[in-house]
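> File name target34.cif; file contents mmCIF, N, CA and C atoms; full text below.
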```cif
data_model
loop_
_atom_site.label_atom_id
_atom_site.label_comp_id
_atom_site.auth_asym_id
_atom_site.auth_seq_id
_atom_site.Cartn_x
_atom_site.Cartn_y
_atom_site.Cartn_z
N MET N 174 120.58 157.06 61.70
CA MET N 174 120.92 158.03 62.73
C MET N 174 121.11 157.29 64.06
N ASP N 175 122.11 157.72 64.82
CA ASP N 175 122.36 157.08 66.10
C ASP N 175 121.23 157.37 67.07
N ARG N 176 120.75 156.33 67.70
CA ARG N 176 119.66 156.47 68.66
C ARG N 176 120.09 155.76 69.94
N ILE N 177 119.83 156.42 71.06
CA ILE N 177 120.14 155.86 72.37
C ILE N 177 118.84 155.33 72.96
N SER N 178 118.90 154.15 73.52
CA SER N 178 117.78 153.59 74.25
C SER N 178 118.25 153.41 75.68
N GLY N 179 117.53 153.98 76.62
CA GLY N 179 117.96 153.91 78.00
C GLY N 179 116.79 153.86 78.96
N VAL N 180 117.12 153.88 80.23
CA VAL N 180 116.11 153.92 81.29
C VAL N 180 116.55 154.99 82.28
N ALA N 181 115.67 155.95 82.50
CA ALA N 181 115.94 157.00 83.48
C ALA N 181 115.24 156.64 84.80
N GLU N 182 115.96 156.81 85.89
CA GLU N 182 115.34 156.64 87.20
C GLU N 182 115.07 158.03 87.74
N ILE N 183 113.80 158.30 88.00
CA ILE N 183 113.40 159.62 88.46
C ILE N 183 112.95 159.54 89.92
N ARG N 184 112.38 160.63 90.40
CA ARG N 184 111.96 160.71 91.80
C ARG N 184 111.19 159.46 92.24
N SER N 185 111.31 159.13 93.46
CA SER N 185 110.63 157.99 94.07
C SER N 185 111.02 156.66 93.44
N GLY N 186 112.14 156.64 92.70
CA GLY N 186 112.61 155.38 92.12
C GLY N 186 111.86 154.91 90.90
N LEU N 187 110.99 155.75 90.34
CA LEU N 187 110.28 155.36 89.12
C LEU N 187 111.27 155.22 87.98
N ARG N 188 111.06 154.21 87.16
CA ARG N 188 111.93 153.96 86.00
C ARG N 188 111.14 154.21 84.73
N MET N 189 111.73 155.05 83.87
CA MET N 189 111.09 155.41 82.60
C MET N 189 112.03 155.11 81.44
N PRO N 190 111.69 154.12 80.61
CA PRO N 190 112.49 153.89 79.41
C PRO N 190 112.36 155.09 78.47
N TYR N 191 113.38 155.31 77.65
CA TYR N 191 113.32 156.43 76.71
C TYR N 191 114.17 156.15 75.49
N LEU N 192 113.86 156.88 74.44
CA LEU N 192 114.68 156.93 73.24
C LEU N 192 115.21 158.35 73.13
N GLU N 193 116.45 158.49 72.67
CA GLU N 193 117.05 159.81 72.50
C GLU N 193 117.91 159.78 71.24
N GLN N 194 117.85 160.86 70.49
CA GLN N 194 118.69 160.95 69.30
C GLN N 194 118.89 162.40 68.92
N GLY N 195 119.89 162.62 68.08
CA GLY N 195 120.16 163.94 67.55
C GLY N 195 121.33 164.62 68.25
N ASP N 196 121.62 165.81 67.77
CA ASP N 196 122.73 166.62 68.28
C ASP N 196 122.41 167.12 69.68
N PRO N 197 123.23 166.79 70.69
CA PRO N 197 122.98 167.26 72.05
C PRO N 197 122.90 168.79 72.16
N LEU N 198 123.49 169.51 71.20
CA LEU N 198 123.42 170.97 71.20
C LEU N 198 122.31 171.47 70.30
N GLY N 199 121.54 170.55 69.72
CA GLY N 199 120.46 170.93 68.80
C GLY N 199 119.20 171.37 69.53
N VAL N 200 118.20 171.66 68.75
CA VAL N 200 116.91 172.09 69.28
C VAL N 200 116.26 170.92 70.03
N PRO N 201 115.94 171.09 71.33
CA PRO N 201 115.34 169.99 72.09
C PRO N 201 113.87 169.79 71.72
N LEU N 202 113.47 168.53 71.69
CA LEU N 202 112.08 168.16 71.41
C LEU N 202 111.74 166.98 72.29
N VAL N 203 110.68 167.10 73.10
CA VAL N 203 110.21 166.00 73.93
C VAL N 203 108.91 165.50 73.32
N LEU N 204 108.87 164.23 72.98
CA LEU N 204 107.69 163.61 72.38
C LEU N 204 106.94 162.86 73.47
N VAL N 205 105.66 163.19 73.66
CA VAL N 205 104.85 162.60 74.72
C VAL N 205 103.73 161.78 74.10
N HIS N 206 103.71 160.49 74.41
CA HIS N 206 102.70 159.60 73.84
C HIS N 206 101.35 159.74 74.53
N ALA N 207 100.34 159.19 73.91
CA ALA N 207 98.98 159.20 74.45
C ALA N 207 98.79 158.04 75.43
N VAL N 208 97.66 158.04 76.12
CA VAL N 208 97.32 156.96 77.04
C VAL N 208 97.28 155.64 76.26
N GLY N 209 97.93 154.64 76.82
CA GLY N 209 97.93 153.32 76.21
C GLY N 209 99.07 153.08 75.23
N ASP N 210 99.88 154.10 74.95
CA ASP N 210 101.01 153.96 74.04
C ASP N 210 102.32 153.92 74.82
N SER N 211 103.43 154.01 74.12
CA SER N 211 104.76 154.06 74.73
C SER N 211 105.69 154.78 73.77
N GLN N 212 106.96 154.85 74.11
CA GLN N 212 107.96 155.48 73.26
C GLN N 212 107.98 154.87 71.87
N ARG N 213 107.60 153.62 71.75
CA ARG N 213 107.67 152.91 70.46
C ARG N 213 106.82 153.57 69.38
N ILE N 214 105.79 154.29 69.77
CA ILE N 214 104.92 154.96 68.80
C ILE N 214 105.69 155.99 67.97
N PHE N 215 106.83 156.46 68.49
CA PHE N 215 107.60 157.52 67.82
C PHE N 215 108.77 157.01 66.98
N GLU N 216 109.01 155.72 66.92
CA GLU N 216 110.19 155.21 66.21
C GLU N 216 110.23 155.66 64.75
N ARG N 217 109.13 155.57 64.04
CA ARG N 217 109.13 155.98 62.63
C ARG N 217 109.30 157.49 62.48
N LEU N 218 108.69 158.25 63.39
CA LEU N 218 108.84 159.71 63.36
C LEU N 218 110.30 160.09 63.61
N LEU N 219 110.93 159.45 64.60
CA LEU N 219 112.33 159.75 64.89
C LEU N 219 113.21 159.53 63.67
N ASP N 220 112.90 158.52 62.88
CA ASP N 220 113.67 158.25 61.67
C ASP N 220 113.63 159.41 60.68
N GLN N 221 112.58 160.23 60.75
CA GLN N 221 112.39 161.32 59.80
C GLN N 221 112.92 162.67 60.28
N LEU N 222 113.27 162.77 61.55
CA LEU N 222 113.71 164.06 62.09
C LEU N 222 115.13 164.39 61.65
N PRO N 223 115.40 165.67 61.40
CA PRO N 223 116.78 166.06 61.07
C PRO N 223 117.69 165.90 62.30
N ARG N 224 118.95 165.71 62.04
CA ARG N 224 119.93 165.51 63.11
C ARG N 224 120.05 166.73 64.02
N THR N 225 119.62 167.88 63.57
CA THR N 225 119.71 169.10 64.38
C THR N 225 118.67 169.13 65.50
N ILE N 226 117.74 168.19 65.49
CA ILE N 226 116.74 168.07 66.57
C ILE N 226 117.27 167.08 67.60
N HIS N 227 117.33 167.50 68.85
CA HIS N 227 117.72 166.60 69.95
C HIS N 227 116.43 166.09 70.57
N ALA N 228 116.00 164.92 70.12
CA ALA N 228 114.68 164.39 70.48
C ALA N 228 114.76 163.41 71.64
N PHE N 229 113.77 163.49 72.51
CA PHE N 229 113.59 162.57 73.62
C PHE N 229 112.18 162.00 73.52
N ALA N 230 112.06 160.68 73.66
CA ALA N 230 110.74 160.03 73.65
C ALA N 230 110.67 159.09 74.85
N PRO N 231 110.18 159.57 75.98
CA PRO N 231 110.08 158.71 77.16
C PRO N 231 108.78 157.90 77.15
N THR N 232 108.79 156.82 77.91
CA THR N 232 107.55 156.07 78.17
C THR N 232 107.07 156.49 79.55
N LEU N 233 105.86 156.98 79.61
CA LEU N 233 105.31 157.48 80.87
C LEU N 233 104.97 156.36 81.84
N ARG N 234 104.97 156.70 83.12
CA ARG N 234 104.63 155.74 84.17
C ARG N 234 103.34 154.98 83.82
N GLY N 235 103.33 153.70 84.12
CA GLY N 235 102.15 152.88 83.89
C GLY N 235 101.96 152.43 82.45
N HIS N 236 102.91 152.76 81.59
CA HIS N 236 102.82 152.40 80.18
C HIS N 236 104.04 151.58 79.78
N GLY N 237 103.89 150.74 78.78
CA GLY N 237 105.02 149.97 78.25
C GLY N 237 105.81 149.31 79.36
N ASP N 238 107.13 149.50 79.33
CA ASP N 238 108.02 148.90 80.32
C ASP N 238 108.36 149.83 81.48
N ALA N 239 107.63 150.95 81.61
CA ALA N 239 107.88 151.89 82.71
C ALA N 239 107.32 151.33 84.02
N SER N 240 107.77 151.92 85.12
CA SER N 240 107.25 151.54 86.44
C SER N 240 105.74 151.72 86.48
N ARG N 241 105.10 150.93 87.31
CA ARG N 241 103.64 150.97 87.45
C ARG N 241 103.25 151.18 88.92
N PRO N 242 103.42 152.40 89.42
CA PRO N 242 103.05 152.64 90.82
C PRO N 242 101.53 152.50 90.99
N THR N 243 101.12 152.32 92.23
CA THR N 243 99.69 152.13 92.50
C THR N 243 98.90 153.43 92.39
N SER N 244 99.58 154.57 92.44
CA SER N 244 98.89 155.86 92.32
C SER N 244 99.78 156.83 91.55
N GLY N 245 99.25 158.02 91.29
CA GLY N 245 100.05 159.04 90.62
C GLY N 245 99.81 159.11 89.13
N TYR N 246 98.57 159.01 88.71
CA TYR N 246 98.24 159.01 87.29
C TYR N 246 97.48 160.25 86.84
N ARG N 247 97.63 161.33 87.57
CA ARG N 247 97.03 162.60 87.14
C ARG N 247 97.96 163.26 86.12
N SER N 248 97.41 164.16 85.35
CA SER N 248 98.22 164.89 84.36
C SER N 248 99.40 165.57 85.02
N SER N 249 99.19 166.11 86.22
CA SER N 249 100.27 166.81 86.92
C SER N 249 101.38 165.84 87.32
N ASP N 250 101.05 164.57 87.59
CA ASP N 250 102.07 163.57 87.91
C ASP N 250 102.92 163.26 86.69
N PHE N 251 102.26 163.09 85.54
CA PHE N 251 103.00 162.82 84.30
C PHE N 251 103.91 164.01 83.96
N ALA N 252 103.38 165.23 84.13
CA ALA N 252 104.17 166.42 83.83
C ALA N 252 105.39 166.51 84.77
N ALA N 253 105.20 166.21 86.04
CA ALA N 253 106.31 166.25 86.99
C ALA N 253 107.37 165.21 86.64
N ASP N 254 106.95 164.06 86.15
CA ASP N 254 107.91 163.03 85.74
C ASP N 254 108.78 163.52 84.59
N LEU N 255 108.16 164.21 83.65
CA LEU N 255 108.93 164.71 82.51
C LEU N 255 109.90 165.78 82.94
#
```
Would you put the structure from the file into structure tokens?

Amino acid sequence: MDRISGVAEIRSGLRMPYLEQGDPLGVPLVLVHAVGDSQRIFERLLDQLPRTIHAFAPTLRGHGDASRPTSGYRSSDFAADL
């Protein structure tokens, strides 16, 4: 299945790597990793999803290759980033 790997620049210049796959008109699904993980945790799961699911798997700030600001690590900050 075709998978896109990219980097989104969001508010305040934060950069968040992400994986995206599936039909752009399909059912949207955002996969959110746990503390200490990254988008890579979902690679095997993405392989199993039907093409009708438009899946996004971002890496949250401070994780993996995402930006690492000095502050902004509350749940509300992560939610705002998404």
> Please list as a compact mmCIF listing (two decimals) with N, CA and C atoms, in the coordinates of the input every residue within 7 Å of His206 (chain N), counting only N, CA and C atoms and excluding residues in the same chain fewer than 5 positions away.

```
# COMPACT_ATOMS: atom_id res chain seq x y z
N SER N 211 103.43 154.01 74.12
CA SER N 211 104.76 154.06 74.73
C SER N 211 105.69 154.78 73.77
N GLN N 212 106.96 154.85 74.11
CA GLN N 212 107.96 155.48 73.26
C GLN N 212 107.98 154.87 71.87
N PRO N 231 110.18 159.57 75.98
CA PRO N 231 110.08 158.71 77.16
C PRO N 231 108.78 157.90 77.15
N THR N 232 108.79 156.82 77.91
CA THR N 232 107.55 156.07 78.17
C THR N 232 107.07 156.49 79.55
N LEU N 233 105.86 156.98 79.61
CA LEU N 233 105.31 157.48 80.87
C LEU N 233 104.97 156.36 81.84
```
> With DSSP run on the backbone, what are the strand (DSSP E) residues within chain N? I'd like them as a PyMOL selection string.
chain N and resi 176-182+188-194+200-203+226-231
> So which residues of chain N fall under helix (DSSP H, G or I) by DSSP, listed as a list of chain:residue names?
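Answer for chain N restricted to helix (DSSP H, G or I) is N:Arg184, N:Ser185, N:Gly186, N:Gln212, N:Arg213, N:Ile214, N:Phe215, N:Glu216, N:Arg217, N:Leu218, N:Leu219, N:Asp220, N:Gln221, N:Ser248, N:Ser249, N:Asp250, N:Phe251, N:Ala252, N:Ala253, N:Asp254.
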> What would the file look like if the residues just selected were written as a compact mmCIF listing (two decimals), in the coordinates of the input with N, CA and C atoms?

```txt
# COMPACT_ATOMS: atom_id res chain seq x y z
N ARG N 184 112.38 160.63 90.40
CA ARG N 184 111.96 160.71 91.80
C ARG N 184 111.19 159.46 92.24
N SER N 185 111.31 159.13 93.46
CA SER N 185 110.63 157.99 94.07
C SER N 185 111.02 156.66 93.44
N GLY N 186 112.14 156.64 92.70
CA GLY N 186 112.61 155.38 92.12
C GLY N 186 111.86 154.91 90.90
N GLN N 212 106.96 154.85 74.11
CA GLN N 212 107.96 155.48 73.26
C GLN N 212 107.98 154.87 71.87
N ARG N 213 107.60 153.62 71.75
CA ARG N 213 107.67 152.91 70.46
C ARG N 213 106.82 153.57 69.38
N ILE N 214 105.79 154.29 69.77
CA ILE N 214 104.92 154.96 68.80
C ILE N 214 105.69 155.99 67.97
N PHE N 215 106.83 156.46 68.49
CA PHE N 215 107.60 157.52 67.82
C PHE N 215 108.77 157.01 66.98
N GLU N 216 109.01 155.72 66.92
CA GLU N 216 110.19 155.21 66.21
C GLU N 216 110.23 155.66 64.75
N ARG N 217 109.13 155.57 64.04
CA ARG N 217 109.13 155.98 62.63
C ARG N 217 109.30 157.49 62.48
N LEU N 218 108.69 158.25 63.39
CA LEU N 218 108.84 159.71 63.36
C LEU N 218 110.30 160.09 63.61
N LEU N 219 110.93 159.45 64.60
CA LEU N 219 112.33 159.75 64.89
C LEU N 219 113.21 159.53 63.67
N ASP N 220 112.90 158.52 62.88
CA ASP N 220 113.67 158.25 61.67
C ASP N 220 113.63 159.41 60.68
N GLN N 221 112.58 160.23 60.75
CA GLN N 221 112.39 161.32 59.80
C GLN N 221 112.92 162.67 60.28
N SER N 248 97.41 164.16 85.35
CA SER N 248 98.22 164.89 84.36
C SER N 248 99.40 165.57 85.02
N SER N 249 99.19 166.11 86.22
CA SER N 249 100.27 166.81 86.92
C SER N 249 101.38 165.84 87.32
N ASP N 250 101.05 164.57 87.59
CA ASP N 250 102.07 163.57 87.91
C ASP N 250 102.92 163.26 86.69
N PHE N 251 102.26 163.09 85.54
CA PHE N 251 103.00 162.82 84.30
C PHE N 251 103.91 164.01 83.96
N ALA N 252 103.38 165.23 84.13
CA ALA N 252 104.17 166.42 83.83
C ALA N 252 105.39 166.51 84.77
N ALA N 253 105.20 166.21 86.04
CA ALA N 253 106.31 166.25 86.99
C ALA N 253 107.37 165.21 86.64
N ASP N 254 106.95 164.06 86.15
CA ASP N 254 107.91 163.03 85.74
C ASP N 254 108.78 163.52 84.59
```
> I would like the residues chosen by the PyMOL selection byres ((chain N and resi 196) around 6) on the shown file; could you give them as an NGL selection string?
:N and (194-195 or 197-199 or 224-227)
> Which residue out of N:Pro242, N:Pro201, N:Ala181, N:Gly237 has the minimum interatomic distance to Leu222 (chain N) when only C-alpha atoms are used?
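Closest to Leu222 (chain N) of all the choices is N:Pro201.
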> Quote the spacing between CA of Ser178 (chain N) and CA of Gly245 (chain N) in Å to one decimal place.
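Going from CA of Ser178 (chain N) over to CA of Gly245 (chain N) covers 24.7 Å.
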> Given the file shown, determine the residues that the PyMOL selection byres ((chain N and resi 205) around 7) selects; report them as a VMD selection string.
chain N and resid 203 to 204 206 to 207 229 to 231
> When the PyMOL selection byres ((chain N and resi 240) around 6.5) is applied to the structure above, which residues does it catch, written out as a ChimeraX atom specification?
/N:187-190,233-236,238-239,241-242
> Work out how far apart CA of Leu192 (chain N) and CA of Asp175 (chain N) are and give it in Å to one decimal.
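Between CA of Leu192 (chain N) and CA of Asp175 (chain N) the gap works out to 10.5 Å.
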> Between CA of Leu218 (chain N) and CA of Ile183 (chain N), what is the spacing in Å?
25.5 Å
